[in-house]
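What follows is the content of my_file17.txt, which has compact mmCIF, C-alpha atoms and all ligand atoms:
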```txt
# COMPACT_ATOMS: atom_id res chain seq x y z
CA MET A 1318 0.00 0.00 0.00
CA HIS A 1319 1.03 3.60 -0.29
CA VAL A 1320 -0.20 7.04 0.68
CA THR A 1321 -1.01 9.19 -2.32
CA HIS A 1322 -1.94 12.31 -0.44
CA LEU A 1323 -1.51 13.60 3.10
CA SER A 1324 -3.44 16.57 4.52
CA LEU A 1325 -2.87 18.15 7.90
CA ALA A 1326 -4.82 20.87 9.65
CA ASP A 1327 -3.56 22.23 12.97
CA PHE A 1328 -1.41 19.17 13.48
CA ARG A 1329 1.78 19.96 15.46
CA SER A 1330 3.53 22.93 13.82
CA TYR A 1331 1.32 22.87 10.71
CA ALA A 1332 -1.66 25.18 10.33
CA ARG A 1333 -2.19 23.39 7.03
CA ALA A 1334 -0.16 21.07 4.86
CA GLU A 1335 -1.00 19.25 1.65
CA VAL A 1336 1.53 16.74 0.39
CA SER A 1337 1.10 14.55 -2.67
CA LEU A 1338 3.13 11.37 -2.54
CA GLY A 1339 3.98 8.55 -4.88
CA PRO A 1340 5.17 5.00 -4.42
CA GLY A 1341 8.89 4.39 -3.92
CA VAL A 1342 11.19 6.51 -1.82
CA THR A 1343 10.42 10.03 -0.66
CA VAL A 1344 12.94 11.95 1.41
CA PHE A 1345 11.98 14.98 3.53
CA VAL A 1346 14.98 17.18 4.08
CA GLY A 1347 15.36 20.31 6.17
CA PRO A 1348 17.07 21.85 9.15
CA ASN A 1349 16.26 20.79 12.72
CA GLY A 1350 12.90 21.70 14.12
CA GLN A 1351 11.23 22.49 10.79
CA GLY A 1352 8.52 19.86 10.89
CA LYS A 1353 9.91 16.76 9.16
CA THR A 1354 9.09 14.40 11.98
CA ASN A 1355 5.71 16.09 12.46
CA LEU A 1356 4.77 15.00 8.94
CA VAL A 1357 5.66 11.36 9.30
CA GLU A 1358 4.29 11.27 12.83
CA ALA A 1359 0.92 12.10 11.29
CA VAL A 1360 1.27 9.15 8.92
CA GLY A 1361 2.11 6.86 11.83
CA TYR A 1362 -0.83 8.20 13.80
CA LEU A 1363 -3.29 7.31 11.05
CA ALA A 1364 -2.03 3.75 11.15
CA SER A 1365 -1.81 3.20 14.90
CA LEU A 1366 -3.92 5.94 16.55
CA GLY A 1367 -0.84 6.89 18.50
CA SER A 1368 2.34 8.87 18.19
CA HIS A 1369 5.80 7.37 18.42
CA ARG A 1370 6.90 10.40 20.43
CA VAL A 1371 4.18 11.18 22.95
CA SER A 1372 1.57 9.17 24.79
CA SER A 1373 -1.20 11.75 24.77
CA ASP A 1374 -2.80 13.64 21.91
CA ALA A 1375 -2.52 17.14 23.36
CA PRO A 1376 0.96 17.92 21.97
CA LEU A 1377 -0.22 16.87 18.51
CA VAL A 1378 -2.67 19.74 18.26
CA ARG A 1379 -1.13 22.98 17.09
CA ALA A 1380 -0.60 25.36 20.00
CA GLY A 1381 -3.63 27.61 20.25
CA ALA A 1382 -5.90 25.36 18.16
CA GLN A 1383 -8.77 23.24 19.51
CA ARG A 1384 -8.43 20.20 17.32
CA ALA A 1385 -6.23 18.68 14.65
CA VAL A 1386 -7.28 16.87 11.50
CA VAL A 1387 -5.09 14.34 9.71
CA ARG A 1388 -6.21 12.81 6.44
CA ALA A 1389 -4.62 10.42 3.99
CA ALA A 1390 -5.59 8.91 0.69
CA VAL A 1391 -4.29 5.38 0.65
CA ARG A 1392 -3.95 3.13 -2.34
CA GLN A 1393 -3.84 -0.61 -2.01
CA ASP A 1394 -3.74 -2.53 -5.27
CA ASP A 1395 -6.47 -0.84 -7.32
CA ARG A 1396 -8.40 0.51 -4.42
CA GLN A 1397 -8.17 4.04 -3.10
CA GLN A 1398 -9.51 4.90 0.37
CA LEU A 1399 -9.62 8.09 2.33
CA VAL A 1400 -9.09 7.97 6.06
CA GLU A 1401 -9.53 10.99 8.28
CA LEU A 1402 -9.00 11.46 12.01
CA GLU A 1403 -9.99 14.40 14.11
CA LEU A 1404 -8.04 14.75 17.34
CA ASN A 1405 -9.93 16.42 20.18
CA PRO A 1406 -7.75 16.31 23.27
CA GLY A 1407 -9.84 15.76 26.37
CA LYS A 1408 -12.78 14.63 24.26
CA ALA A 1409 -13.48 11.69 21.99
CA ASN A 1410 -11.57 11.62 18.74
CA ARG A 1411 -13.53 11.06 15.56
CA ALA A 1412 -12.88 9.29 12.31
CA ARG A 1413 -14.26 9.24 8.83
CA ILE A 1414 -13.70 6.73 6.07
CA ASN A 1415 -14.26 7.81 2.46
CA ARG A 1416 -16.04 10.97 3.63
CA SER A 1417 -18.91 8.94 4.99
CA SER A 1418 -20.46 9.65 8.37
CA GLN A 1419 -18.40 9.39 11.49
CA VAL A 1420 -17.08 6.14 12.86
CA ARG A 1421 -14.99 5.27 15.88
CA PRO A 1422 -11.29 5.89 15.28
CA ARG A 1423 -10.52 2.22 15.77
CA ASP A 1424 -12.83 1.36 12.88
CA ALA A 1425 -10.35 3.21 10.67
CA LEU A 1426 -7.48 0.89 11.60
CA GLY A 1427 -6.19 -1.32 8.84
CA ILE A 1428 -6.73 1.13 5.98
CA LEU A 1429 -3.20 2.35 6.45
CA ARG A 1430 -0.47 0.22 7.91
CA THR A 1431 3.00 1.51 8.70
CA VAL A 1432 6.21 0.34 10.21
CA LEU A 1433 8.03 3.29 11.67
CA PHE A 1434 11.72 3.39 12.54
CA ALA A 1435 12.82 6.23 14.80
CA PRO A 1436 15.51 7.16 17.30
CA GLU A 1437 12.94 6.44 20.00
CA ASP A 1438 13.15 2.74 19.05
CA LEU A 1439 16.27 2.36 21.13
CA SER A 1440 13.97 2.24 24.12
CA LEU A 1441 12.51 -1.00 22.76
CA VAL A 1442 15.75 -2.57 23.89
CA LYS A 1443 16.87 -0.33 26.73
CA GLY A 1444 13.54 0.88 28.08
CA ASP A 1445 10.87 -0.40 30.43
CA PRO A 1446 8.66 -3.41 29.71
CA GLY A 1447 5.83 -1.01 28.79
CA GLU A 1448 7.74 -0.04 25.63
CA ARG A 1449 7.93 -3.64 24.51
CA ARG A 1450 4.30 -4.35 25.38
CA ARG A 1451 3.33 -1.38 23.25
CA PHE A 1452 5.45 -2.72 20.40
CA LEU A 1453 3.76 -6.11 20.63
CA ASP A 1454 0.26 -4.74 20.96
CA GLU A 1455 0.61 -2.28 18.11
CA LEU A 1456 1.80 -5.06 15.86
CA VAL A 1457 -0.91 -7.40 17.09
CA THR A 1458 -3.39 -4.69 16.10
CA ALA A 1459 -1.74 -4.02 12.74
CA ARG A 1460 -2.10 -7.71 11.93
CA SER A 1461 -5.63 -7.83 13.18
CA PRO A 1462 -7.38 -4.46 13.68
CA ARG A 1463 -10.15 -6.19 15.63
CA MET A 1464 -7.66 -6.53 18.48
CA ALA A 1465 -7.95 -2.79 19.14
CA GLY A 1466 -11.30 -3.60 20.72
CA VAL A 1467 -9.83 -6.39 22.81
CA ARG A 1468 -7.06 -4.08 24.01
CA SER A 1469 -9.48 -1.41 25.08
CA ASP A 1470 -11.73 -3.99 26.77
CA TYR A 1471 -8.73 -5.24 28.68
CA ASP A 1472 -7.80 -1.73 29.81
CA ARG A 1473 -11.36 -1.08 30.90
CA VAL A 1474 -11.71 -4.30 32.87
CA LEU A 1475 -8.32 -3.77 34.47
CA LYS A 1476 -9.27 -0.27 35.55
CA GLN A 1477 -12.49 -1.49 37.09
CA ARG A 1478 -10.82 -4.37 38.85
CA ASN A 1479 -8.13 -2.04 40.19
CA SER A 1480 -10.66 0.38 41.55
CA LEU A 1481 -12.44 -2.50 43.29
CA LEU A 1482 -9.14 -3.63 44.81
CA LYS A 1483 -8.40 -0.10 45.89
CA SER A 1484 -11.73 0.16 47.65
CA ALA A 1485 -11.01 -3.16 49.37
CA VAL A 1486 -7.75 -1.71 50.69
CA MET A 1487 -9.47 1.47 51.81
CA ALA A 1488 -12.23 -0.48 53.51
CA ARG A 1489 -9.75 -2.52 55.47
CA ARG A 1490 -7.67 0.45 56.49
CA HIS A 1491 -10.55 2.67 57.45
CA GLY A 1492 -13.01 0.10 58.61
CA GLY A 1493 -15.48 0.61 55.76
CA ARG A 1494 -17.72 -2.02 54.26
CA ALA A 1495 -15.70 -5.01 53.08
CA VAL A 1496 -15.65 -5.67 49.33
CA ASP A 1497 -17.68 -8.66 48.28
CA THR A 1498 -15.14 -11.23 47.06
CA SER A 1499 -17.64 -12.79 44.69
CA THR A 1500 -17.69 -9.48 42.80
CA LEU A 1501 -13.95 -9.74 42.50
CA ASP A 1502 -14.34 -13.30 41.23
CA VAL A 1503 -16.47 -11.98 38.39
CA TRP A 1504 -13.84 -9.40 37.47
CA ASP A 1505 -11.18 -12.11 37.59
CA GLU A 1506 -13.09 -14.02 34.98
CA HIS A 1507 -13.53 -10.97 32.75
CA LEU A 1508 -9.87 -10.10 33.04
CA ALA A 1509 -8.75 -13.67 32.37
CA ARG A 1510 -11.02 -13.99 29.36
CA VAL A 1511 -9.91 -10.78 27.64
CA GLY A 1512 -6.36 -11.17 28.90
CA ALA A 1513 -6.09 -14.67 27.46
CA GLU A 1514 -7.14 -13.41 24.05
CA LEU A 1515 -4.48 -10.71 24.10
CA LEU A 1516 -1.91 -13.12 25.47
CA ALA A 1517 -2.64 -15.69 22.77
CA ARG A 1518 -2.11 -13.06 20.08
CA ARG A 1519 1.11 -11.84 21.62
CA LEU A 1520 2.50 -15.36 21.84
CA GLU A 1521 1.52 -16.16 18.29
CA LEU A 1522 3.12 -12.91 17.15
CA ILE A 1523 6.37 -13.66 18.94
CA SER A 1524 6.62 -17.10 17.33
CA ALA A 1525 6.13 -15.54 13.92
CA LEU A 1526 8.55 -12.69 14.62
CA ARG A 1527 11.38 -14.74 16.10
CA PRO A 1528 12.91 -16.18 12.91
CA LEU A 1529 12.39 -12.91 11.05
CA ALA A 1530 14.13 -10.85 13.73
CA ASP A 1531 17.02 -13.26 13.79
CA LYS A 1532 17.39 -13.07 10.04
CA ALA A 1533 17.18 -9.28 10.06
CA TYR A 1534 19.83 -9.03 12.77
CA GLU A 1535 22.12 -11.30 10.79
CA ARG A 1536 21.75 -9.06 7.76
CA LEU A 1537 22.34 -5.85 9.70
CA ALA A 1538 25.14 -7.11 11.91
CA PRO A 1539 26.50 -10.35 10.41
CA GLY A 1540 27.80 -12.82 12.96
CA GLY A 1541 26.48 -10.82 15.89
CA GLY A 1542 23.47 -12.95 16.79
CA PRO A 1543 21.57 -15.03 17.31
CA VAL A 1544 18.82 -12.93 18.81
CA GLY A 1545 16.13 -14.37 21.02
CA LEU A 1546 12.63 -13.20 21.86
CA GLU A 1547 11.10 -14.65 25.00
CA TYR A 1548 7.79 -13.79 26.51
CA ARG A 1549 7.89 -13.35 30.22
CA GLY A 1550 4.65 -13.39 32.08
CA VAL A 1551 2.08 -15.39 33.91
CA PRO A 1552 1.03 -18.01 32.98
CA ALA A 1553 2.88 -18.18 29.69
CA ASP A 1554 6.39 -17.72 30.90
CA GLY A 1555 8.83 -18.31 28.10
CA GLY A 1556 11.96 -18.60 30.14
CA ASP A 1557 13.53 -18.43 33.51
CA GLY A 1558 10.61 -17.57 35.65
CA GLY A 1559 8.90 -14.42 36.76
CA ASP A 1560 10.96 -11.97 38.73
CA ARG A 1561 8.23 -9.90 40.23
CA GLY A 1562 9.06 -11.05 43.72
CA ASP A 1563 5.55 -12.30 44.27
CA GLY A 1564 6.49 -15.92 44.40
CA ASP A 1565 5.82 -16.76 40.75
CA SER A 1566 7.62 -19.93 40.04
CA GLY A 1567 7.59 -19.36 36.30
CA GLY A 1568 6.58 -21.69 33.56
CA ASP A 1569 8.17 -24.59 31.83
CA GLY A 1570 9.19 -22.74 28.71
CA ALA A 1571 6.35 -24.20 26.67
CA GLY A 1572 5.05 -20.63 26.16
CA GLY A 1573 3.82 -20.38 22.58
CA ALA A 1574 1.96 -23.65 22.44
CA ALA A 1575 -0.74 -23.07 25.05
CA SER A 1576 -4.33 -23.00 23.82
CA PRO A 1577 -6.59 -20.02 24.59
CA ALA A 1578 -8.51 -22.17 27.07
CA GLU A 1579 -5.28 -23.08 28.86
CA LEU A 1580 -4.21 -19.47 28.91
CA TYR A 1581 -7.56 -18.51 30.39
CA GLU A 1582 -7.29 -21.14 33.11
CA GLY A 1583 -3.68 -20.19 33.77
CA LEU A 1584 -4.48 -16.51 34.10
CA LEU A 1585 -7.44 -17.21 36.32
CA SER A 1586 -5.43 -19.36 38.66
CA SER A 1587 -2.59 -16.80 38.74
CA LEU A 1588 -5.13 -14.16 39.70
CA ARG A 1589 -6.42 -16.38 42.45
CA ASP A 1590 -2.88 -17.01 43.68
CA SER A 1591 -2.06 -13.33 43.85
CA ARG A 1592 -5.37 -12.26 45.32
CA ARG A 1593 -3.97 -11.83 48.81
CA ALA A 1594 -1.09 -9.67 47.70
CA GLU A 1595 -3.45 -7.67 45.49
CA MET A 1596 -5.81 -7.03 48.38
CA GLU A 1597 -2.85 -5.55 50.25
CA ARG A 1598 -1.50 -3.46 47.41
CA GLY A 1599 -4.75 -2.45 45.77
CA VAL A 1600 -3.63 -3.21 42.19
CA THR A 1601 -3.76 -6.11 39.76
CA LEU A 1602 -0.40 -7.81 39.93
CA VAL A 1603 -0.68 -10.38 37.17
CA GLY A 1604 -1.84 -10.21 33.58
CA PRO A 1605 -0.65 -8.99 30.19
CA HIS A 1606 -0.27 -5.43 31.53
CA ARG A 1607 2.64 -6.65 33.68
CA ASP A 1608 4.38 -8.90 31.20
CA ASP A 1609 7.54 -8.33 29.22
CA LEU A 1610 9.25 -9.41 26.06
CA VAL A 1611 12.79 -10.39 26.96
CA LEU A 1612 15.22 -9.67 24.14
CA LYS A 1613 18.34 -11.77 24.10
CA LEU A 1614 21.56 -11.43 22.24
CA GLY A 1615 23.25 -14.81 22.40
CA ASP A 1616 22.66 -16.04 25.94
CA LEU A 1617 22.47 -12.63 27.56
CA PRO A 1618 19.58 -10.25 27.87
CA ALA A 1619 20.09 -7.28 25.54
CA LYS A 1620 18.87 -4.87 28.17
CA GLY A 1621 21.74 -4.08 30.46
CA TYR A 1622 24.29 -6.05 28.43
CA ALA A 1623 24.17 -5.11 24.77
CA SER A 1624 26.36 -2.30 23.50
CA HIS A 1625 24.81 0.84 22.09
CA GLY A 1626 25.36 -0.33 18.53
CA GLU A 1627 24.05 -3.81 19.26
CA SER A 1628 20.97 -2.33 20.89
CA TRP A 1629 20.39 -0.24 17.79
CA SER A 1630 20.75 -3.24 15.50
CA PHE A 1631 18.30 -5.15 17.68
CA ALA A 1632 15.71 -2.39 17.57
CA LEU A 1633 16.06 -2.09 13.81
CA SER A 1634 15.74 -5.87 13.48
CA LEU A 1635 12.45 -5.80 15.34
CA ARG A 1636 11.11 -3.18 12.95
CA LEU A 1637 12.42 -5.00 9.89
CA ALA A 1638 10.86 -8.22 11.17
CA SER A 1639 7.55 -6.39 11.64
CA TYR A 1640 7.76 -5.22 8.06
CA GLU A 1641 8.51 -8.69 6.71
CA LEU A 1642 5.71 -10.19 8.75
CA LEU A 1643 3.01 -7.76 7.63
CA LYS A 1644 4.21 -8.05 4.07
CA SER A 1645 4.10 -11.84 4.16
CA GLU A 1646 0.50 -11.61 5.34
CA GLY A 1647 -0.54 -9.47 2.38
CA HIS A 1648 -0.48 -6.10 4.14
CA GLU A 1649 2.70 -4.50 2.92
CA PRO A 1650 3.04 -1.47 5.19
CA VAL A 1651 4.38 1.96 4.37
CA LEU A 1652 7.91 2.19 5.75
CA VAL A 1653 8.75 5.34 7.65
CA LEU A 1654 12.35 6.08 8.62
CA ASP A 1655 12.48 9.10 10.85
CA ASP A 1656 15.97 10.39 11.25
CA VAL A 1657 17.51 6.97 11.67
CA PHE A 1658 20.47 7.22 9.35
CA ALA A 1659 22.11 9.93 11.42
CA GLU A 1660 22.23 7.46 14.30
CA LEU A 1661 24.01 4.67 12.44
CA ASP A 1662 27.52 4.00 11.25
CA VAL A 1663 28.14 3.88 7.53
CA GLN A 1664 27.98 0.10 7.27
CA ARG A 1665 24.68 -0.31 9.04
CA ARG A 1666 23.29 2.66 7.16
CA ALA A 1667 24.03 0.93 3.90
CA ARG A 1668 22.62 -2.42 5.05
CA LEU A 1669 19.43 -0.91 6.38
CA ALA A 1670 18.97 1.15 3.24
CA GLU A 1671 19.33 -1.93 1.07
CA LEU A 1672 16.77 -3.82 3.10
CA VAL A 1673 14.11 -1.12 2.96
CA ALA A 1674 14.74 0.22 -0.54
CA PRO A 1675 12.45 -2.31 -2.30
CA GLY A 1676 9.48 -1.27 -0.10
CA GLU A 1677 6.37 -0.15 -1.96
CA GLN A 1678 6.59 3.22 -0.22
CA VAL A 1679 9.43 4.47 1.94
CA LEU A 1680 9.22 7.84 3.68
CA VAL A 1681 12.53 9.10 5.02
CA THR A 1682 13.37 12.20 7.03
CA ALA A 1683 16.86 13.62 7.38
CA ALA A 1684 18.38 16.90 8.51
CA VAL A 1685 21.56 16.11 6.59
CA PRO A 1686 20.72 14.72 3.14
CA GLU A 1687 24.19 13.17 2.81
CA ASP A 1688 23.29 10.77 5.65
CA VAL A 1689 20.76 9.04 3.41
CA PRO A 1690 22.44 6.30 1.35
CA GLU A 1691 22.32 6.54 -2.43
CA VAL A 1692 20.07 3.52 -2.88
CA LEU A 1693 17.33 5.61 -1.30
CA ALA A 1694 17.41 8.31 -3.94
CA GLY A 1695 13.86 9.26 -4.80
CA ALA A 1696 11.43 12.13 -4.64
CA ARG A 1697 12.61 14.90 -2.39
CA PHE A 1698 10.79 17.54 -0.38
CA ALA A 1699 12.31 20.51 1.39
CA VAL A 1700 10.74 21.20 4.76
CA ALA A 1701 11.27 24.68 6.17
CA ASP A 1702 9.25 27.52 7.67
CA GLY A 1703 6.11 25.46 7.85
CA GLU A 1704 6.20 24.66 4.13
CA VAL A 1705 6.69 21.30 2.47
CA VAL A 1706 7.94 21.94 -1.04
CA ARG A 1707 8.79 19.35 -3.66
CA ASP A 1708 12.29 19.71 -5.14
CA GLU A 1709 12.07 19.46 -8.88
N1 LIG B 1 1.59 21.27 19.10
C1 LIG B 1 2.47 22.07 18.51
N2 LIG B 1 2.15 23.33 18.15
C2 LIG B 1 3.05 24.13 17.54
N3 LIG B 1 4.30 23.76 17.25
C3 LIG B 1 4.69 22.53 17.59
C4 LIG B 1 3.80 21.61 18.22
N4 LIG B 1 4.46 20.46 18.45
C5 LIG B 1 5.69 20.63 17.98
N5 LIG B 1 5.84 21.87 17.44
C6 LIG B 1 7.05 22.44 16.85
O1 LIG B 1 7.46 21.61 15.79
C7 LIG B 1 8.88 21.66 15.69
C8 LIG B 1 9.45 20.28 15.67
O2 LIG B 1 9.13 19.70 14.50
P1 LIG B 1 9.77 18.30 14.12
O3 LIG B 1 9.96 17.47 15.30
O4 LIG B 1 8.96 17.78 13.02
O5 LIG B 1 11.19 18.79 13.61
P2 LIG B 1 12.19 18.04 12.63
O6 LIG B 1 12.17 18.76 11.33
O7 LIG B 1 11.90 16.60 12.60
O8 LIG B 1 13.56 18.34 13.37
P3 LIG B 1 14.82 17.40 13.66
O9 LIG B 1 15.67 17.46 12.43
O10 LIG B 1 15.48 18.08 14.80
O11 LIG B 1 14.33 16.05 13.99
C9 LIG B 1 9.39 22.34 16.92
O12 LIG B 1 9.84 23.63 16.57
C10 LIG B 1 8.20 22.42 17.81
O13 LIG B 1 8.20 23.57 18.59
MG MG B 2 12.83 14.96 13.47
```
Represent the supplied structure as structure tokens.
Ligand SMILES: Nc1ncnc2c1ncn2[C@@H]1O[C@H](COP(=O)(O)OP(=O)(O)OP(=O)(O)O)[C@@H](O)[C@H]1O
Ligand SMILES: [Mg+2]
Amino acid sequence: MHVTHLSLADFRSYARAEVSLGPGVTVFVGPNGQGKTNLVEAVGYLASLGSHRVSSDAPLVRAGAQRAVVRAAVRQDDRQQLVELELNPGKANRARINRSSQVRPRDALGILRTVLFAPEDLSLVKGDPGERRRFLDELVTARSPRMAGVRSDYDRVLKQRNSLLKSAVMARRHGGRAVDTSTLDVWDEHLARVGAELLARRLELISALRPLADKAYERLAPGGGPVGLEYRGVPADGGDGGDRGDGDSGGDGAGGAASPAELYEGLLSSLRDSRRAEMERGVTLVGPHRDDLVLKLGDLPAKGYASHGESWSFALSLRLASYELLKSEGHEPVLVLDDVFAELDVQRRARLAELVAPGEQVLVTAAVPEDVPEVLAGARFAVADGEVVRDE
């Protein structure tokens, strides 16, 4: 697929922007702070309903404006679709598909798919588990947009269960009315049911991603691997046991093979086991919201051990693997490379460029055009003073 036109209104630094795009490589060039990343961030937002830079929508709306509108015309095979999102911080966002009446933003998922590489990706390797959960869940959703609903159900159930636990803690401390444990039982079942669905998708994703990430790493940094991806969580522990200090004994390493029913039962019994601790702490201590994806380089965890360059190669491999996976499933995504070449040495630059160059559409940003390898020559836009102008 590829974007044929991008329109922004009051998005980030842009009062308005209209950019016509073609397949192949497009490079956005301009000095720092001129709005290159803002443009591709908008593309990523249309595909994932989130920004790779911030976790809330407020910074995406131009200072002083009430709302932002991002629109893209997307071509897949012979079909052209228009997807439009209106961002209303503090209120519900809205979406429109092909100018029809409004739909929920998540109904617009799947029209555009992207895989975005950015300097922020280093935190996939070095950052907190939340970064890796987000990576998994965004990819789960890109493969199957229906999962956006499951994710939001999970968040909702978790919130409700947490507030029930909190009131149990308050009741005990202040002598209020004790929380009915049968109510909690019901929430356990909800959480286990939705959680198992998410967990099953994550595990399936990791199995599919594993060989692709290893191959990508080998191509970016020959001889440096192998890389390993292990899910760590309850009940589907992929490795050496949970380390949450709550007495999890960990699993038997049979992670990926569990059936949804087994995952449900496993989650439910983990919830039961941690009930006492949860009643003390007032939060849900087990479930997909606490899990992690452990990245290994050889026998060692990448986090805390891998060098800066190795961490970079790992992060890039995860993105390349995501690209290969979506492509193999018939959803070739738009590739977005935001300022990545400046971060890499010449050799890895060249290898990465070669791997992405055949993509149906590749959008690249760079402050220094010389950082972009020759194989990525293509259309070029100059970005400066709020204008995006095609170089002829
Ligand atoms: N909500 C907003 N309203 C107005 N301006 C904003 C908003 N958010 C960001 N900006 C401005 O946008 C500019 C940053 O744009 P962007 O990140 O796209 O730069 P860039 O061209 O990618 O730069 P670099 O080469 O440094 O990565 C900053 O000057 C910032 O102040
Ligand atoms: Mg930038």
Near-ligand residues for ligand LIG 1 (chain B), threshold 7 Å, all atoms listed in the file, as an mmCIF file with C-alpha atoms, keeping the file's coordinate frame:
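Just written: pocket.cif:
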```
data_model
loop_
_atom_site.group_PDB
_atom_site.id
_atom_site.type_symbol
_atom_site.label_atom_id
_atom_site.label_comp_id
_atom_site.auth_asym_id
_atom_site.auth_seq_id
_atom_site.Cartn_x
_atom_site.Cartn_y
_atom_site.Cartn_z
ATOM 1 C CA PHE A 1328 -1.410 19.170 13.480
ATOM 2 C CA ARG A 1329 1.780 19.960 15.460
ATOM 3 C CA SER A 1330 3.530 22.930 13.820
ATOM 4 C CA GLY A 1347 15.360 20.310 6.170
ATOM 5 C CA PRO A 1348 17.070 21.850 9.150
ATOM 6 C CA ASN A 1349 16.260 20.790 12.720
ATOM 7 C CA GLY A 1350 12.900 21.700 14.120
ATOM 8 C CA GLN A 1351 11.230 22.490 10.790
ATOM 9 C CA GLY A 1352 8.520 19.860 10.890
ATOM 10 C CA LYS A 1353 9.910 16.760 9.160
ATOM 11 C CA THR A 1354 9.090 14.400 11.980
ATOM 12 C CA ASN A 1355 5.710 16.090 12.460
ATOM 13 C CA LEU A 1356 4.770 15.000 8.940
ATOM 14 C CA PRO A 1376 0.960 17.920 21.970
ATOM 15 C CA LEU A 1377 -0.220 16.870 18.510
ATOM 16 C CA VAL A 1378 -2.670 19.740 18.260
ATOM 17 C CA ARG A 1379 -1.130 22.980 17.090
ATOM 18 C CA ALA A 1380 -0.600 25.360 20.000
ATOM 19 C CA ASP A 1656 15.970 10.390 11.250
ATOM 20 C CA ALA A 1683 16.860 13.620 7.380
ATOM 21 C CA ALA A 1684 18.380 16.900 8.510
#
```
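Distances from A:Ala1696, A:Ala1375, A:Val1387, A:Leu1654 to ligand MG 2 (chain B) were compared using all atoms listed in the file, and the smallest one belongs to A:Leu1654.
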Can you tell me which residues surround stretch 1421-1436 of chain A at a distance of at most 6 Å, considering only C-alpha atoms, apart from same-chain residues fewer than 5 positions away, and format the answer as a PDB file with C-alpha atoms, in the frame of the given file?
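Written output follows (around_38.pdb):
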```pdb
ATOM      1  CA  ALA A1364      -2.030   3.750  11.150  1.00  0.00           C
ATOM      2  CA  ARG A1411     -13.530  11.060  15.560  1.00  0.00           C
ATOM      3  CA  ALA A1412     -12.880   9.290  12.310  1.00  0.00           C
ATOM      4  CA  PRO A1462      -7.380  -4.460  13.680  1.00  0.00           C
ATOM      5  CA  PRO A1650       3.040  -1.470   5.190  1.00  0.00           C
ATOM      6  CA  VAL A1651       4.380   1.960   4.370  1.00  0.00           C
ATOM      7  CA  LEU A1652       7.910   2.190   5.750  1.00  0.00           C
ATOM      8  CA  VAL A1653       8.750   5.340   7.650  1.00  0.00           C
ATOM      9  CA  LEU A1654      12.350   6.080   8.620  1.00  0.00           C
ATOM     10  CA  ASP A1655      12.480   9.100  10.850  1.00  0.00           C
ATOM     11  CA  VAL A1657      17.510   6.970  11.670  1.00  0.00           C
TER      12      VAL A1657
END
```
Practice task
Identify, on the basis of only C-alpha atoms, every residue whose closest approach to stretch 1504-1518 of chain A does not exceed 9 Å; exclude the query and any residue fewer than 3 positions from it along the same chain; express the result as a ChimeraX atom specification.
Solution key: /A:1454,1457,1464,1467-1468,1470-1471,1474-1475,1477-1478,1499-1501,1521-1523,1553,1573,1575-1585,1588-1589,1604-1606
Exercise for the section: Quick one: everything within 10 Å of A:Tyr1534, counting all atoms listed in the file, minus sequence neighbours fewer than 2 positions away in the same chain. Send it as a ChimeraX atom specification. Expected result: /A:1528-1532,1536-1544,1614,1627,1630-1635,1637-1638
Practice task
Counting only C-alpha atoms, note down every residue that has an atom within 12 Å of the point (2.2, 11.3, -0.1) (file coordinates), as a ChimeraX atom specification.
Solution key: /A:1318-1325,1334-1345,1356-1357,1359-1360,1388-1392,1651,1653,1678-1681,1696-1698,1705,1707
Practice task
Counting all atoms listed in the file, figure out which residue out of A:Lys1644, A:His1369, A:Lys1476, A:Arg1333 gets nearest to ligand MG 2 (chain B).
Solution key: A:His1369
Handout entry: d(atom CA of A:Tyr1331, atom CA of A:Glu1704) in Å
Key = 8.4 Å
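Between atom CA of A:His1625 and atom CA of A:Asp1445 lies a distance of 16.3 Å.
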Handout entry: Spatial neighbours of A:Met1596, 10 Å, only C-alpha atoms, chain gap at least 6 places, as a VMD selection string
Key = chain A and resid 1479 1481 to 1487 1489 1496
Fill in the blank from the handout: Atom pair atom CA of A:Lys1620 + atom CA of A:Pro1446, distance 10.4 Å
Exercise for the section: Quick one: everything within 10 Å of A:Asp1609, counting only C-alpha atoms, minus sequence neighbours fewer than 6 positions away in the same chain. Send it as JSON, numbers by chain. Expected result: {"A": [1445, 1446, 1447, 1448, 1449, 1450, 1453, 1547, 1548, 1549, 1550, 1554, 1559]}
Handout entry: Residue nearest ligand MG 2 (chain B) among A:Thr1682, A:Ser1440, A:Gln1664, A:Ser1373 (counting only C-alpha atoms and all ligand atoms)
Key =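 Using only C-alpha atoms and all ligand atoms, ligand MG 2 (chain B) sits closest to A:Thr1682.
Minimum atom-to-atom distance to ligand MG 2 (chain B), evaluated using all atoms listed in the file, belongs to A:Val1685 out of A:Pro1618, A:Val1685, A:Gly1381, A:Leu1520.
Take the candidates A:Asp1688, A:Glu1358, A:Asp1394, A:Glu1403 and check each one against ligand MG 2 (chain B) using all atoms listed in the file; the shortest distance goes to A:Glu1358.
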